Every structure is written in structure tokens, then in C-alpha cells.
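Here is the file start_32.csv (CSV, C-alpha atoms).
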chain,number,residue,atom,x,y,z
U,1,MET,CA,8.8,-23.0,-28.9
U,2,ARG,CA,8.7,-25.2,-25.8
U,3,LYS,CA,12.4,-24.5,-25.0
U,4,ARG,CA,11.7,-20.8,-25.1
U,5,THR,CA,8.6,-21.2,-23.0
U,6,TRP,CA,10.4,-23.3,-20.4
U,7,LYS,CA,13.1,-20.7,-20.2
U,8,LEU,CA,10.7,-17.8,-19.5
U,9,LEU,CA,8.1,-19.5,-17.4
U,10,LEU,CA,9.4,-22.6,-15.8
U,11,CYS,CA,7.9,-21.8,-12.4
U,12,PHE,CA,6.8,-18.9,-10.2
U,13,LEU,CA,8.4,-17.8,-7.0
U,14,LEU,CA,6.9,-15.9,-4.1
U,15,MET,CA,5.3,-12.6,-4.7
U,16,ILE,CA,7.1,-9.4,-5.7
U,17,SER,CA,4.8,-6.5,-4.8
U,18,ALA,CA,5.3,-3.5,-7.1
U,19,ALA,CA,3.7,-0.2,-6.9
U,20,LEU,CA,2.4,0.4,-10.4
U,21,SER,CA,0.7,3.3,-12.0
U,22,CYS,CA,-2.7,2.9,-13.6
U,23,THR,CA,-2.8,5.6,-16.3
U,24,GLY,CA,-5.9,4.7,-18.2
U,25,THR,CA,-8.1,7.8,-18.5
U,26,VAL,CA,-11.1,6.8,-20.6
U,27,HIS,CA,-14.5,7.5,-18.9
U,28,ALA,CA,-12.6,8.9,-15.9
U,29,GLN,CA,-15.8,10.5,-14.6
U,30,THR,CA,-17.4,7.1,-14.2
U,31,PRO,CA,-16.5,5.0,-11.2
U,32,GLU,CA,-15.1,1.6,-12.0
U,33,LYS,CA,-14.9,-1.6,-10.0
U,34,GLU,CA,-12.5,-4.5,-10.0
U,35,ILE,CA,-14.5,-7.5,-11.1
U,36,ALA,CA,-13.1,-10.3,-9.0
U,37,PHE,CA,-15.5,-11.5,-6.3
U,38,ALA,CA,-15.1,-9.4,-3.1
U,39,MET,CA,-12.9,-11.3,-0.6
U,40,SER,CA,-14.7,-12.9,2.3
U,41,HIS,CA,-12.2,-12.4,5.1
U,42,SER,CA,-14.2,-14.3,7.8
U,43,LEU,CA,-13.2,-17.5,6.1
U,44,THR,CA,-10.7,-19.8,7.9
U,45,TYR,CA,-9.3,-23.0,6.7
U,46,ALA,CA,-6.6,-25.5,7.5
U,47,PRO,CA,-3.7,-25.0,5.1
U,48,GLU,CA,-2.1,-28.1,3.7
U,49,ALA,CA,1.5,-28.7,4.4
U,50,ASP,CA,2.8,-28.0,0.9
U,51,GLU,CA,1.2,-24.5,1.0
U,52,ARG,CA,3.9,-23.3,3.4
U,53,ASP,CA,6.9,-23.9,1.2
U,54,VAL,CA,5.8,-25.1,-2.2
U,55,PHE,CA,9.3,-24.7,-3.7
U,56,SER,CA,11.3,-26.2,-0.9
U,57,PRO,CA,12.6,-29.1,-3.0
U,58,MET,CA,13.9,-26.7,-5.7
U,59,LEU,CA,15.8,-23.8,-4.1
U,60,LEU,CA,16.4,-21.3,-6.8
U,61,SER,CA,19.6,-19.4,-7.1
U,62,ALA,CA,18.8,-16.7,-9.6
U,63,THR,CA,15.6,-14.8,-10.5
U,64,ARG,CA,14.7,-12.1,-12.9
U,65,THR,CA,11.7,-10.5,-14.5
U,66,ALA,CA,11.1,-10.5,-18.2
U,67,SER,CA,11.3,-7.6,-20.6
U,68,PRO,CA,8.7,-7.2,-23.4
U,69,GLU,CA,11.2,-8.3,-26.0
U,70,ASP,CA,11.7,-11.6,-24.0
U,71,LEU,CA,8.0,-12.3,-24.7
U,72,ARG,CA,8.0,-12.0,-28.5
U,73,GLY,CA,7.3,-15.5,-29.9
U,74,LEU,CA,6.2,-16.8,-26.5
U,75,THR,CA,3.1,-19.1,-26.7
U,76,LEU,CA,0.7,-19.7,-23.8
U,77,TYR,CA,-2.6,-21.6,-23.4
U,78,PRO,CA,-5.5,-19.1,-22.8
U,79,GLY,CA,-7.6,-19.7,-19.7
U,80,GLY,CA,-11.2,-18.7,-19.4
U,81,MET,CA,-12.1,-21.1,-16.6
U,82,PRO,CA,-13.1,-19.9,-13.1
U,83,PHE,CA,-10.9,-20.7,-10.1
U,84,GLY,CA,-11.3,-20.2,-6.4
U,85,VAL,CA,-8.6,-18.9,-4.0
U,86,LYS,CA,-8.3,-19.3,-0.2
U,87,PHE,CA,-5.4,-17.6,1.6
U,88,TYR,CA,-3.8,-16.4,4.8
U,89,THR,CA,-2.0,-13.1,5.0
U,90,ASP,CA,1.5,-12.4,6.3
U,91,GLY,CA,0.6,-11.3,9.9
U,92,VAL,CA,-2.7,-9.6,10.4
U,93,MET,CA,-3.9,-6.4,8.7
U,94,VAL,CA,-5.6,-3.5,10.6
U,95,VAL,CA,-8.9,-2.7,9.0
U,96,GLY,CA,-10.7,-0.6,11.6
U,97,PHE,CA,-11.3,0.5,15.2
U,98,CYS,CA,-14.1,0.4,17.8
U,99,ASP,CA,-13.9,2.0,21.2
U,100,VAL,CA,-13.9,-0.2,24.3
U,101,GLU,CA,-16.3,0.6,27.1
U,102,THR,CA,-14.4,0.4,30.4
U,103,ALA,CA,-15.3,1.2,34.0
U,104,LYS,CA,-13.7,4.6,33.4
U,105,GLY,CA,-15.4,5.3,30.1
U,106,SER,CA,-14.7,4.8,26.4
U,107,THR,CA,-11.2,4.4,25.1
U,108,ASN,CA,-9.3,2.9,22.2
U,109,PRO,CA,-5.9,1.4,23.1
U,110,ALA,CA,-5.1,0.7,19.4
U,111,THR,CA,-5.4,4.3,18.3
U,112,VAL,CA,-3.5,5.4,21.5
U,113,ALA,CA,-0.7,3.1,20.3
U,114,GLY,CA,-0.7,4.9,17.0
U,115,LEU,CA,-2.0,2.1,14.8
U,116,LYS,CA,-3.6,3.0,11.5
U,117,PRO,CA,-5.7,1.2,8.9
U,118,LYS,CA,-3.5,-0.9,6.5
U,119,ASP,CA,-0.8,-1.5,9.2
U,120,LYS,CA,0.3,-5.1,9.5
U,121,ILE,CA,1.0,-6.6,12.9
U,122,LEU,CA,3.8,-9.1,12.5
U,123,LYS,CA,4.9,-10.0,16.1
U,124,ILE,CA,3.8,-9.6,19.7
U,125,ASN,CA,6.5,-9.5,22.4
U,126,GLY,CA,9.0,-10.8,19.8
U,127,GLN,CA,6.9,-13.9,18.8
U,128,ALA,CA,5.4,-14.2,15.3
U,129,LEU,CA,1.7,-13.7,15.0
U,130,ALA,CA,0.0,-16.7,13.4
U,131,SER,CA,-3.6,-15.4,12.9
U,132,ALA,CA,-6.3,-13.1,14.1
U,133,ALA,CA,-7.3,-15.7,16.6
U,134,ASP,CA,-3.8,-15.8,17.9
U,135,LEU,CA,-3.9,-12.0,18.4
U,136,THR,CA,-7.2,-12.2,20.2
U,137,ASP,CA,-5.9,-14.9,22.5
U,138,ARG,CA,-2.8,-13.0,23.5
U,139,ILE,CA,-4.8,-9.9,24.2
U,140,GLU,CA,-7.3,-11.7,26.4
U,141,ARG,CA,-4.4,-13.4,28.3
U,142,SER,CA,-2.5,-10.2,28.8
U,143,GLU,CA,-4.1,-9.3,32.1
U,144,GLY,CA,-3.8,-5.7,31.0
U,145,LYS,CA,0.0,-5.8,30.7
U,146,PRO,CA,1.5,-3.8,27.8
U,147,LEU,CA,2.2,-5.7,24.6
U,148,THR,CA,5.1,-4.8,22.3
U,149,LEU,CA,4.0,-5.0,18.7
U,150,LEU,CA,6.3,-5.2,15.6
U,151,CYS,CA,4.3,-3.7,12.8
U,152,GLN,CA,4.8,-2.7,9.2
U,153,ARG,CA,3.4,0.4,7.5
U,154,GLY,CA,4.2,0.5,3.8
U,155,LYS,CA,7.8,-0.8,3.5
U,156,LYS,CA,8.9,0.3,7.0
U,157,GLU,CA,8.7,-1.7,10.2
U,158,PHE,CA,8.2,-0.1,13.6
U,159,GLU,CA,7.5,-1.0,17.2
U,160,THR,CA,4.7,0.3,19.4
U,161,THR,CA,3.2,-0.5,22.8
U,162,LEU,CA,-0.4,-1.7,22.9
U,163,THR,CA,-2.0,-1.8,26.4
U,164,PRO,CA,-5.3,-3.8,26.6
U,165,VAL,CA,-8.1,-2.6,28.8
U,166,PHE,CA,-10.8,-4.6,30.6
U,167,CYS,CA,-14.3,-4.5,29.2
U,168,PRO,CA,-16.8,-5.4,32.1
U,169,ALA,CA,-19.7,-6.0,29.7
U,170,GLU,CA,-17.8,-8.8,28.0
U,171,GLY,CA,-15.6,-9.9,30.9
U,172,ARG,CA,-12.4,-9.8,28.9
U,173,TYR,CA,-9.4,-7.6,27.8
U,174,LYS,CA,-9.8,-5.8,24.5
U,175,THR,CA,-7.8,-3.3,22.4
U,176,GLY,CA,-10.5,-1.8,20.1
U,177,ILE,CA,-8.9,-3.1,16.9
U,178,TRP,CA,-10.4,-4.9,13.9
U,179,VAL,CA,-8.0,-7.1,11.9
U,180,ARG,CA,-8.2,-9.6,9.0
U,181,ASP,CA,-6.0,-12.6,8.4
U,182,SER,CA,-7.6,-14.6,5.6
U,183,GLY,CA,-9.9,-14.4,2.6
U,184,ALA,CA,-11.4,-16.2,-0.3
U,185,GLY,CA,-12.8,-15.3,-3.7
U,186,ILE,CA,-13.4,-16.3,-7.3
U,187,GLY,CA,-11.8,-15.1,-10.5
U,188,THR,CA,-10.9,-16.3,-14.0
U,189,VAL,CA,-7.7,-17.9,-15.2
U,190,THR,CA,-5.9,-15.8,-17.9
U,191,PHE,CA,-3.4,-18.3,-19.1
U,192,ILE,CA,-1.7,-21.7,-18.3
U,193,LEU,CA,1.7,-23.0,-19.0
U,194,PRO,CA,0.8,-26.8,-19.5
U,195,ASP,CA,4.5,-27.9,-19.2
U,196,THR,CA,4.5,-27.0,-15.5
U,197,GLY,CA,1.0,-26.2,-14.5
U,198,ALA,CA,1.8,-22.5,-13.8
U,199,PHE,CA,-1.0,-20.1,-14.3
U,200,ALA,CA,-1.9,-16.4,-13.9
U,201,GLY,CA,-5.3,-14.8,-13.4
U,202,LEU,CA,-7.4,-11.7,-12.4
U,203,GLY,CA,-5.2,-9.1,-14.1
U,204,HIS,CA,-5.3,-7.0,-11.0
U,205,GLY,CA,-4.4,-7.6,-7.4
U,206,ILE,CA,-6.5,-9.0,-4.6
U,207,CYS,CA,-7.1,-6.0,-2.3
U,208,ASP,CA,-8.7,-5.6,1.1
U,209,ALA,CA,-12.4,-4.6,0.6
U,210,ASP,CA,-12.2,-2.0,3.4
U,211,THR,CA,-8.8,-0.4,3.1
U,212,GLY,CA,-8.1,-1.0,-0.6
U,213,ALA,CA,-4.6,-2.1,0.2
U,214,LEU,CA,-3.0,-5.0,-1.7
U,215,ILE,CA,-3.3,-8.0,0.6
U,216,PRO,CA,0.1,-9.3,1.8
U,217,MET,CA,-0.4,-13.0,1.1
U,218,LYS,CA,1.6,-15.6,3.0
U,219,ARG,CA,0.1,-18.8,1.6
U,220,GLY,CA,-3.0,-19.9,-0.3
U,221,SER,CA,-4.7,-22.7,-2.1
U,222,VAL,CA,-6.5,-23.0,-5.4
U,223,SER,CA,-9.8,-24.8,-5.9
U,224,ASP,CA,-12.0,-25.7,-8.8
U,225,VAL,CA,-15.2,-23.7,-8.9
U,226,THR,CA,-18.8,-24.4,-10.1
U,227,ILE,CA,-20.7,-21.3,-11.3
U,228,SER,CA,-24.3,-21.7,-10.1
U,229,SER,CA,-26.0,-18.5,-11.3
U,230,VAL,CA,-25.5,-15.0,-12.8
U,231,VAL,CA,-26.7,-11.7,-11.4
U,232,LYS,CA,-27.1,-9.5,-14.4
U,233,GLY,CA,-25.3,-6.1,-14.2
U,234,GLU,CA,-27.2,-2.9,-14.5
U,235,ALA,CA,-26.2,0.8,-14.4
U,236,GLY,CA,-25.1,1.6,-10.8
U,237,ALA,CA,-25.2,-2.1,-9.7
U,238,PRO,CA,-22.5,-4.4,-11.1
U,239,GLY,CA,-23.6,-8.0,-11.6
U,240,GLU,CA,-21.7,-11.0,-10.5
U,241,LEU,CA,-21.1,-14.7,-11.1
U,242,LYS,CA,-22.2,-16.7,-8.1
U,243,GLY,CA,-20.6,-20.1,-7.5
U,244,TYR,CA,-19.2,-22.4,-4.9
U,245,PHE,CA,-15.8,-24.1,-4.3
U,246,ASN,CA,-15.6,-27.7,-5.2
U,247,ALA,CA,-14.1,-30.1,-2.6
U,248,GLY,CA,-10.3,-30.4,-2.5
U,249,LYS,CA,-7.3,-28.4,-3.5
U,250,VAL,CA,-6.0,-28.3,-7.1
U,251,GLY,CA,-3.0,-26.0,-6.6
U,252,SER,CA,-1.2,-23.3,-4.7
U,253,LEU,CA,-1.5,-19.5,-4.9
U,254,LEU,CA,2.0,-18.0,-4.8
U,255,GLY,CA,1.8,-14.4,-5.7
U,256,ASN,CA,-0.4,-11.3,-5.5
U,257,SER,CA,0.6,-8.0,-7.2
U,258,GLN,CA,-1.1,-5.0,-8.8
U,259,THR,CA,-1.2,-6.8,-12.1
U,260,GLY,CA,-2.6,-10.2,-11.2
U,261,VAL,CA,-2.1,-13.3,-9.1
U,262,TRP,CA,0.0,-16.4,-9.9
U,263,GLY,CA,0.3,-19.9,-8.8
U,264,MET,CA,0.8,-23.6,-9.7
U,265,PHE,CA,-1.8,-26.3,-10.4
U,266,SER,CA,-0.9,-29.6,-8.6
U,267,GLU,CA,-1.5,-31.4,-11.9
U,268,VAL,CA,-1.2,-30.0,-15.4
U,269,PRO,CA,-4.9,-29.3,-16.4
U,270,ASP,CA,-6.4,-30.1,-19.7
U,271,CYS,CA,-6.3,-27.0,-21.9
U,272,PRO,CA,-9.4,-26.9,-24.2
U,273,ASN,CA,-7.9,-24.2,-26.5
U,274,GLU,CA,-4.8,-24.3,-28.6
U,275,ALA,CA,-1.7,-22.4,-27.5
U,276,LEU,CA,-1.5,-18.9,-28.8
U,277,PRO,CA,1.4,-16.4,-29.3
U,278,VAL,CA,1.5,-13.5,-26.9
U,279,GLY,CA,0.5,-10.2,-28.5
U,280,LEU,CA,2.4,-7.2,-27.1
U,281,SER,CA,1.0,-3.7,-26.5
U,282,ASP,CA,2.4,-2.4,-29.8
U,283,GLU,CA,0.4,-5.1,-31.6
U,284,ILE,CA,-3.0,-4.5,-30.2
U,285,GLU,CA,-5.4,-2.7,-32.5
U,286,GLU,CA,-8.6,-0.8,-31.9
U,287,GLY,CA,-11.5,-2.9,-33.1
U,288,ASP,CA,-12.9,-6.4,-32.8
U,289,ALA,CA,-11.6,-9.1,-30.4
U,290,TYR,CA,-13.1,-11.7,-28.2
U,291,ILE,CA,-12.9,-13.0,-24.6
U,292,LEU,CA,-13.1,-16.5,-23.1
U,293,CYS,CA,-15.1,-16.9,-20.0
U,294,THR,CA,-17.4,-19.4,-18.2
U,295,LEU,CA,-20.9,-18.7,-17.1
U,296,ASP,CA,-23.6,-20.7,-15.3
U,297,ASN,CA,-23.7,-23.4,-18.0
U,298,ASN,CA,-20.1,-24.1,-16.8
U,299,LYS,CA,-18.9,-24.3,-20.4
U,300,MET,CA,-16.1,-22.0,-21.6
U,301,GLU,CA,-17.4,-19.8,-24.5
U,302,LYS,CA,-16.2,-17.1,-26.8
U,303,TYR,CA,-17.8,-13.7,-26.6
U,304,ASP,CA,-17.3,-10.7,-28.9
U,305,ILE,CA,-15.9,-7.4,-27.7
U,306,LYS,CA,-14.4,-4.2,-29.1
U,307,ILE,CA,-11.1,-2.6,-28.0
U,308,SER,CA,-10.6,1.1,-28.0
U,309,ASN,CA,-8.8,4.0,-26.2
U,310,ILE,CA,-5.5,2.1,-26.1
U,311,ASN,CA,-2.9,3.7,-23.8
U,312,ARG,CA,0.3,2.0,-24.8
U,313,ASP,CA,2.3,3.6,-22.0
U,314,ALA,CA,0.0,2.2,-19.3
U,315,LYS,CA,1.8,-0.1,-16.8
U,316,GLY,CA,-1.0,-1.1,-14.5
U,317,SER,CA,-4.3,-2.9,-15.0
U,318,LYS,CA,-6.3,-0.3,-17.0
U,319,CYS,CA,-4.6,-0.1,-20.4
U,320,PHE,CA,-7.5,0.0,-22.8
U,321,THR,CA,-11.3,0.1,-23.0
U,322,VAL,CA,-13.3,-3.1,-23.4
U,323,LYS,CA,-16.9,-2.9,-24.7
U,324,VAL,CA,-19.0,-6.0,-24.8
U,325,THR,CA,-20.8,-6.4,-28.1
U,326,ASP,CA,-21.8,-10.0,-28.0
U,327,PRO,CA,-25.7,-10.2,-27.8
U,328,ASP,CA,-25.6,-13.5,-26.0
U,329,LEU,CA,-23.3,-12.2,-23.2
U,330,LEU,CA,-25.3,-9.0,-22.9
U,331,ALA,CA,-28.5,-11.0,-22.6
U,332,ILE,CA,-27.0,-13.1,-19.8
U,333,THR,CA,-24.8,-10.8,-17.8
U,334,GLY,CA,-25.6,-7.3,-19.1
U,335,GLY,CA,-21.9,-6.9,-19.9
U,336,ILE,CA,-19.0,-7.4,-17.6
U,337,VAL,CA,-19.7,-8.7,-14.1
U,338,GLN,CA,-17.7,-9.6,-11.0
U,339,GLY,CA,-16.0,-13.0,-11.3
U,340,MET,CA,-15.0,-12.3,-15.0
U,341,SER,CA,-11.7,-10.5,-14.1
U,342,GLY,CA,-8.9,-12.3,-15.8
U,343,SER,CA,-10.9,-13.4,-18.8
U,344,PRO,CA,-8.4,-13.7,-21.6
U,345,ILE,CA,-8.7,-11.3,-24.6
U,346,ILE,CA,-7.8,-12.7,-28.0
U,347,GLN,CA,-7.3,-10.5,-31.1
U,348,ASN,CA,-5.9,-11.5,-34.5
U,349,GLY,CA,-5.0,-14.9,-33.2
U,350,LYS,CA,-2.9,-13.6,-30.3
U,351,LEU,CA,-3.4,-13.6,-26.6
U,352,VAL,CA,-3.2,-9.8,-25.9
U,353,GLY,CA,-4.6,-9.2,-22.4
U,354,ALA,CA,-7.3,-9.8,-19.8
U,355,VAL,CA,-10.5,-8.0,-18.6
U,356,THR,CA,-10.0,-6.3,-15.3
U,357,HIS,CA,-12.7,-3.7,-14.4
U,358,VAL,CA,-16.2,-2.7,-15.1
U,359,LEU,CA,-17.6,0.8,-15.2
U,360,ILE,CA,-20.3,0.8,-12.6
U,361,ASN,CA,-22.7,3.1,-14.5
U,362,ASP,CA,-22.1,1.4,-17.8
U,363,PRO,CA,-21.8,-2.3,-17.3
U,364,ASP,CA,-21.1,-3.2,-20.9
U,365,VAL,CA,-17.9,-1.2,-20.7
U,366,GLY,CA,-14.7,-1.8,-18.7
U,367,TYR,CA,-11.0,-2.0,-18.8
U,368,GLY,CA,-8.4,-4.5,-20.0
U,369,ILE,CA,-4.7,-5.0,-19.1
U,370,PHE,CA,-1.9,-5.7,-21.6
U,371,LEU,CA,-0.8,-9.3,-21.2
U,372,GLU,CA,2.8,-8.2,-21.1
U,373,ASN,CA,2.0,-6.1,-18.0
U,374,MET,CA,1.0,-9.4,-16.2
U,375,LEU,CA,4.1,-11.2,-17.5
U,376,VAL,CA,6.9,-8.6,-17.0
U,377,ASN,CA,6.1,-8.2,-13.4
U,378,MET,CA,6.1,-11.9,-12.6
U,379,PRO,CA,9.0,-13.4,-10.7
U,380,LEU,CA,10.7,-15.8,-13.1
U,381,MET,CA,13.5,-18.3,-12.8
U,382,ALA,CA,16.6,-17.5,-14.9
U,383,ARG,CA,17.8,-20.6,-16.6

Structure encoded using C-alpha cells:
Amino acid sequence: MRKRTWKLLLCFLLMISAALSCTGTVHAQTPEKEIAFAMSHSLTYAPEADERDVFSPMLLSATRTASPEDLRGLTLYPGGMPFGVKFYTDGVMVVGFCDVETAKGSTNPATVAGLKPKDKILKINGQALASAADLTDRIERSEGKPLTLLCQRGKKEFETTLTPVFCPAEGRYKTGIWVRDSGAGIGTVTFILPDTGAFAGLGHGICDADTGALIPMKRGSVSDVTISSVVKGEAGAPGELKGYFNAGKVGSLLGNSQTGVWGMFSEVPDCPNEALPVGLSDEIEEGDAYILCTLDNNKMEKYDIKISNINRDAKGSKCFTVKVTDPDLLAITGGIVQGMSGSPIIQNGKLVGAVTHVLINDPDVGYGIFLENMLVNMPLMAR
């Protein structure tokens, strides 16, 4: 068992972003919401040295992704504990625009340059862009001279010229662009590989709150989290787990894709639950199951759910419907709340998936992802 586990999941590499379809159709008329905490992009932090190249001591010569058949017989330790992530993006992401008032009237140099929301700015005048603060500094020191930007839109790179203008009211050069370079949030660990400390969570990607685009993560850290309170969900108002990051770093975040995030704990954590075999999509049944999650008592607990509307062809993060039936969970949270995304789903003694979304107008109902969808899209080391 351990040999097979080592072979499949020895460690994670840097992210592979894949455009995946989400084909779940149940309750299509009801809006749904990803249930990780919204990212707070105003956060800045000093990354530790090992966040920059966590695998530099072990350069890997071959990589592959797993097939569903590779996963049969694989055993993993279910998660259920909260974790916090802090990260910087690769370059800076354009999230909005605001006209600049000049002596000659209003203008917006960024839109004149052809920039659009979701564009990434990678370099200025051939030099890599380190952060949003770096961008602001270069603009203010430009003296109004044109700046050559290397940008990325989708998978294509392009260059454009951005010419800052002087704003008399603020006494500095501006370009009328809003960008983000960092973020933080809380989610739930789905599984851990104790042999290495590798883990996965959320069951969906970390996306920009304004643009909806998958955040291009450059480096990140993982922290322990203490849940301090629960805001109960109601129809039209999803609830949330409120908490705070504990001091220190316990791991590195390495990947962000449409089907979850991945990383490595610095030390192999204690796993309170026994290892379980992976249940594939053809093994999931409609009916009873349970989830593991941590609420404001900061104890991992089991809560009953029902699985229905299974779409075995789904490749994204909405593969089946999850309905909370546990009276204790309903009394505390009203159902599924933000911060519970990634909560592992166990059925018939197998780890089959994770909770990913809540229906805004029906908070006791949401979506789940097949565990194999999280696993087959993970960059793995061939051995």
C-alpha cells in the first residue's frame, strides 16, 4: 500500500492550470457560491526563502498526471481541518480602471494602452515586475515617459505602451489602473499523504473576487487556523466560518487549479483519522454519506449528508449534489458555509470527494467534486 502511495503521490510540483468544464446541472436556476473564504488581496507579507523554490534540492526529471485506474487501491488520510493560505501572484493582475484627473481633463492611460481586466503585467521596460508596489513606484518615477509592458492575456503574451499622466490633485504620475498581487484566505484540507506531508484542499480554484479568473500563483505559505465563530447561512445570504491565522508558517502552497489547491506541510501532521481507500466516480452511490469539518469548537467532527444527482461525466468541481441532513450541523451553520470548501466526503468506507459550493438560496444544499478529479489533475512525479 505504502509503495503504491509513494509512487503516485511522492510530492507535488508547481501548478498546471487546466481549463476544465463544470457540467453539473442540478438546481441550475439557483446561483451557487464557492465556499472558500473570499481572498483579501490587500494583504502583504514577507515570503520566507523556501517559498521561492521549495523543490530546488530535488530537481525532477519526469512528470505525469494520474489516470483514474492509477488511483484504484490508493489510500489517503482524510482531512477536515482548516488551513490558511497567503500568496503572491505571478506578476500583477489587472482588476479595474479609474480615470485620472489631469490639467487637460479626465483620461485613462491604461485603457488607451489596451489593457483589460484579467490581464497580467509581467515586466516593465524588460524588467520583471515584483509586486503592485513595484508597479506604482515605477509609474510615479516615470516622469510621464512611456513604459513598455510585457503582459499576458489568457495563454498569449503581448507588449503594449503605457504612458503615465500627471495628476495635480495628488501630485504624482498615475495610469488609472487597479491591480492585485497577493491574497489570503481560509479553506479545509481534503486529504494528506503522511509519508511526505503533501496535501490538497478546497476542491476548486482560488479565483479573483472581482474578475473571477483563476489567480496565477507564484508562491505561497500555509498557516494553521483557529476558527473563532460561525455566521449561520440563510437563503440569499451564505454563512461563513470566521477565524484567524496562527503565528508562523506550517507549509508551502504550490499549486492552484480549477479542481483545488496543493502543497506541502513542513512537518508531517498528525492525522486523527485512519487512512481510507479512494472511491472513484463509478463507486459513488446516491444516498447517505458524511463529511469531516471543523467548526468554532475547533474539533473535527463527522456530519451526515446525502448525495444525489451524480454526473459521472463531470470533470470540474460540481459533480454531484450534497444535501446536509445532520441536525447538529444545520443548527450551527444552517448547512454549507464559506470556509467548508474542501471538507472530505466519505461513503461506504471510502474517500469519494469534497464539498465545493453552496446554493445561495438553499444553504443546506451544494455541490461536491469527485476525489479523482482533484487527483488526476495534480502534477505528480513519475518514479

Subject >> Atom-to-atom span, atom CA of U:Ser341 and atom CA of U:Val355, Å >> reply: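 Taking atom CA of U:Ser341 as the start and atom CA of U:Val355 as the end point, the length is 5.3 Å.
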
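Shortest separation to U:Ala113 among U:Ala289, U:Cys151, U:Ala184, U:Val225 occurs at residue U:Cys151, atoms counted being all atoms listed in the file.
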
Subject >> Selection near U:Val322, 6 Å with all atoms listed in the file, sequence-local residues under 5 positions removed, as a list in words >> reply: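 These residues fall inside the cut-off: Lys306, Ile307, Val365, Gly366 and Tyr367 of chain U.
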
Original post:
Residues at most 8 Å from U:Leu150, counting all atoms listed in the file, excluding those fewer than 3 positions away in the same chain, as a list in words?
Top reply: Ile121, Leu122, Lys123, Ile124, Gly126, Glu157, Phe158, Glu159 and Thr160 of chain U

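Closest approach to U:Glu267 from the set U:Asp326, U:Leu241, U:Glu301, U:Asp195 is made by U:Asp195, with distances taken over only C-alpha atoms.
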
Set out as CSV a contact list for stretch 248-280 of chain U and stretch 371-379 of chain U with a cut-off of 7 Å, giving each residue of stretch 248-280 of chain U that qualifies its closest atom pair and distance in Å to one decimal, counting only C-alpha atoms, ordered by chain and rising residue number.
residue,atom,partner,partner_atom,distance
U:Thr259,CA,U:Met374,CA,5.3
U:Gly260,CA,U:Met374,CA,6.2
U:Leu280,CA,U:Glu372,CA,6.1

Subject >> Which of U:Ser257, U:Ser229, U:Asn348, U:Asn309 sits closest to U:Tyr244 [using only C-alpha atoms] >> reply: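 Of all the options, U:Ser229 lies closest to U:Tyr244.
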
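Between atom CA of U:Val165 and atom CA of U:Arg141 there is a distance of 11.4 Å.
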
**OP:** Mind giving me the straight-line distance from atom CA of U:Arg138 to atom CA of U:Asp181 in Å, one decimal?
**Re:**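 Separating atom CA of U:Arg138 from atom CA of U:Asp181 is a distance of 15.4 Å.
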
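Distance annotation: of U:Thr188, U:Asn108, U:Thr294, U:Thr163, the residue with the minimal separation from U:Gly201 is U:Thr188; atom set is only C-alpha atoms.
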
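In this comparison, which uses only C-alpha atoms, the residue of U:Leu329, U:Cys207, U:Val250, U:Ile192 approaching U:Gly80 most closely is U:Ile192.
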
For the interface of stretch 250-339 of chain U with stretch 232-235 of chain U (cut-off 9 Å, counting all atoms listed in the file), please tabulate each contacting residue of stretch 250-339 of chain U alongside its nearest pair of atoms and their separation in Å to one decimal, rows sorted by chain and increasing number, as CSV.
residue,atom,partner,partner_atom,distance
U:Leu330,CA,U:Lys232,CA,8.7
U:Ala331,CA,U:Lys232,CA,8.5
U:Ile332,CA,U:Lys232,CA,6.5
U:Thr333,CA,U:Lys232,CA,4.3
U:Gly334,CA,U:Gly233,CA,5.1
U:Gly335,CA,U:Gly233,CA,6.7
U:Ile336,CA,U:Gly233,CA,7.3
U:Val337,CA,U:Gly233,CA,6.2
U:Gln338,CA,U:Gly233,CA,9.0

**OP:** For U:Asp288, work out the shell of residues within 10 Å, counting only C-alpha atoms and skipping chain neighbours fewer than 2 positions away, then give it as a list in words.
**Re:** Glu285, Glu286, Tyr290, Asp304, Ile305, Lys306, Ile307, Ser308, Val322, Lys323, Thr325, Ile346, Gln347 and Asn348 of chain U

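Minimum distance to U:Asp119 across U:Pro216, U:Ala103, U:Tyr77, U:Thr148 (counting only C-alpha atoms) occurs at U:Pro216.
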
Emit stretch 287-325 of chain U of the structure in the block as a file comprising C-alpha atoms, as an mmCIF file, in the first residue's frame.
data_model
loop_
_atom_site.group_PDB
_atom_site.id
_atom_site.type_symbol
_atom_site.label_atom_id
_atom_site.label_comp_id
_atom_site.auth_asym_id
_atom_site.auth_seq_id
_atom_site.Cartn_x
_atom_site.Cartn_y
_atom_site.Cartn_z
ATOM 1 C CA GLY U 287 -27.720 8.140 -0.595
ATOM 2 C CA ASP U 288 -26.111 8.568 2.800
ATOM 3 C CA ALA U 289 -22.546 9.766 3.374
ATOM 4 C CA TYR U 290 -20.759 12.055 5.800
ATOM 5 C CA ILE U 291 -18.287 14.926 5.771
ATOM 6 C CA LEU U 292 -15.469 15.901 8.109
ATOM 7 C CA CYS U 293 -15.083 19.551 9.059
ATOM 8 C CA THR U 294 -14.048 21.823 11.922
ATOM 9 C CA LEU U 295 -16.320 24.481 13.409
ATOM 10 C CA ASP U 296 -15.819 27.008 16.207
ATOM 11 C CA ASN U 297 -15.169 24.330 18.831
ATOM 12 C CA ASN U 298 -12.017 23.643 16.773
ATOM 13 C CA LYS U 299 -12.661 19.898 16.904
ATOM 14 C CA MET U 300 -13.012 17.858 13.743
ATOM 15 C CA GLU U 301 -16.453 16.232 13.642
ATOM 16 C CA LYS U 302 -18.492 13.949 11.361
ATOM 17 C CA TYR U 303 -21.727 15.335 9.893
ATOM 18 C CA ASP U 304 -24.312 13.438 7.854
ATOM 19 C CA ILE U 305 -25.175 14.345 4.268
ATOM 20 C CA LYS U 306 -26.991 12.812 1.298
ATOM 21 C CA ILE U 307 -25.538 12.531 -2.192
ATOM 22 C CA SER U 308 -27.768 12.816 -5.279
ATOM 23 C CA ASN U 309 -27.805 13.897 -8.935
ATOM 24 C CA ILE U 310 -24.456 12.263 -9.720
ATOM 25 C CA ASN U 311 -22.994 13.343 -13.062
ATOM 26 C CA ARG U 312 -20.307 10.729 -13.671
ATOM 27 C CA ASP U 313 -19.008 12.591 -16.733
ATOM 28 C CA ALA U 314 -18.291 15.814 -14.816
ATOM 29 C CA LYS U 315 -14.646 16.881 -14.953
ATOM 30 C CA GLY U 316 -14.801 20.036 -12.847
ATOM 31 C CA SER U 317 -15.763 20.897 -9.276
ATOM 32 C CA LYS U 318 -19.558 20.369 -9.487
ATOM 33 C CA CYS U 319 -20.072 16.634 -9.930
ATOM 34 C CA PHE U 320 -22.974 15.788 -7.616
ATOM 35 C CA THR U 321 -25.389 17.372 -5.180
ATOM 36 C CA VAL U 322 -24.677 17.450 -1.450
ATOM 37 C CA LYS U 323 -27.557 17.963 0.993
ATOM 38 C CA VAL U 324 -26.792 18.458 4.682
ATOM 39 C CA THR U 325 -29.085 16.287 6.828
#
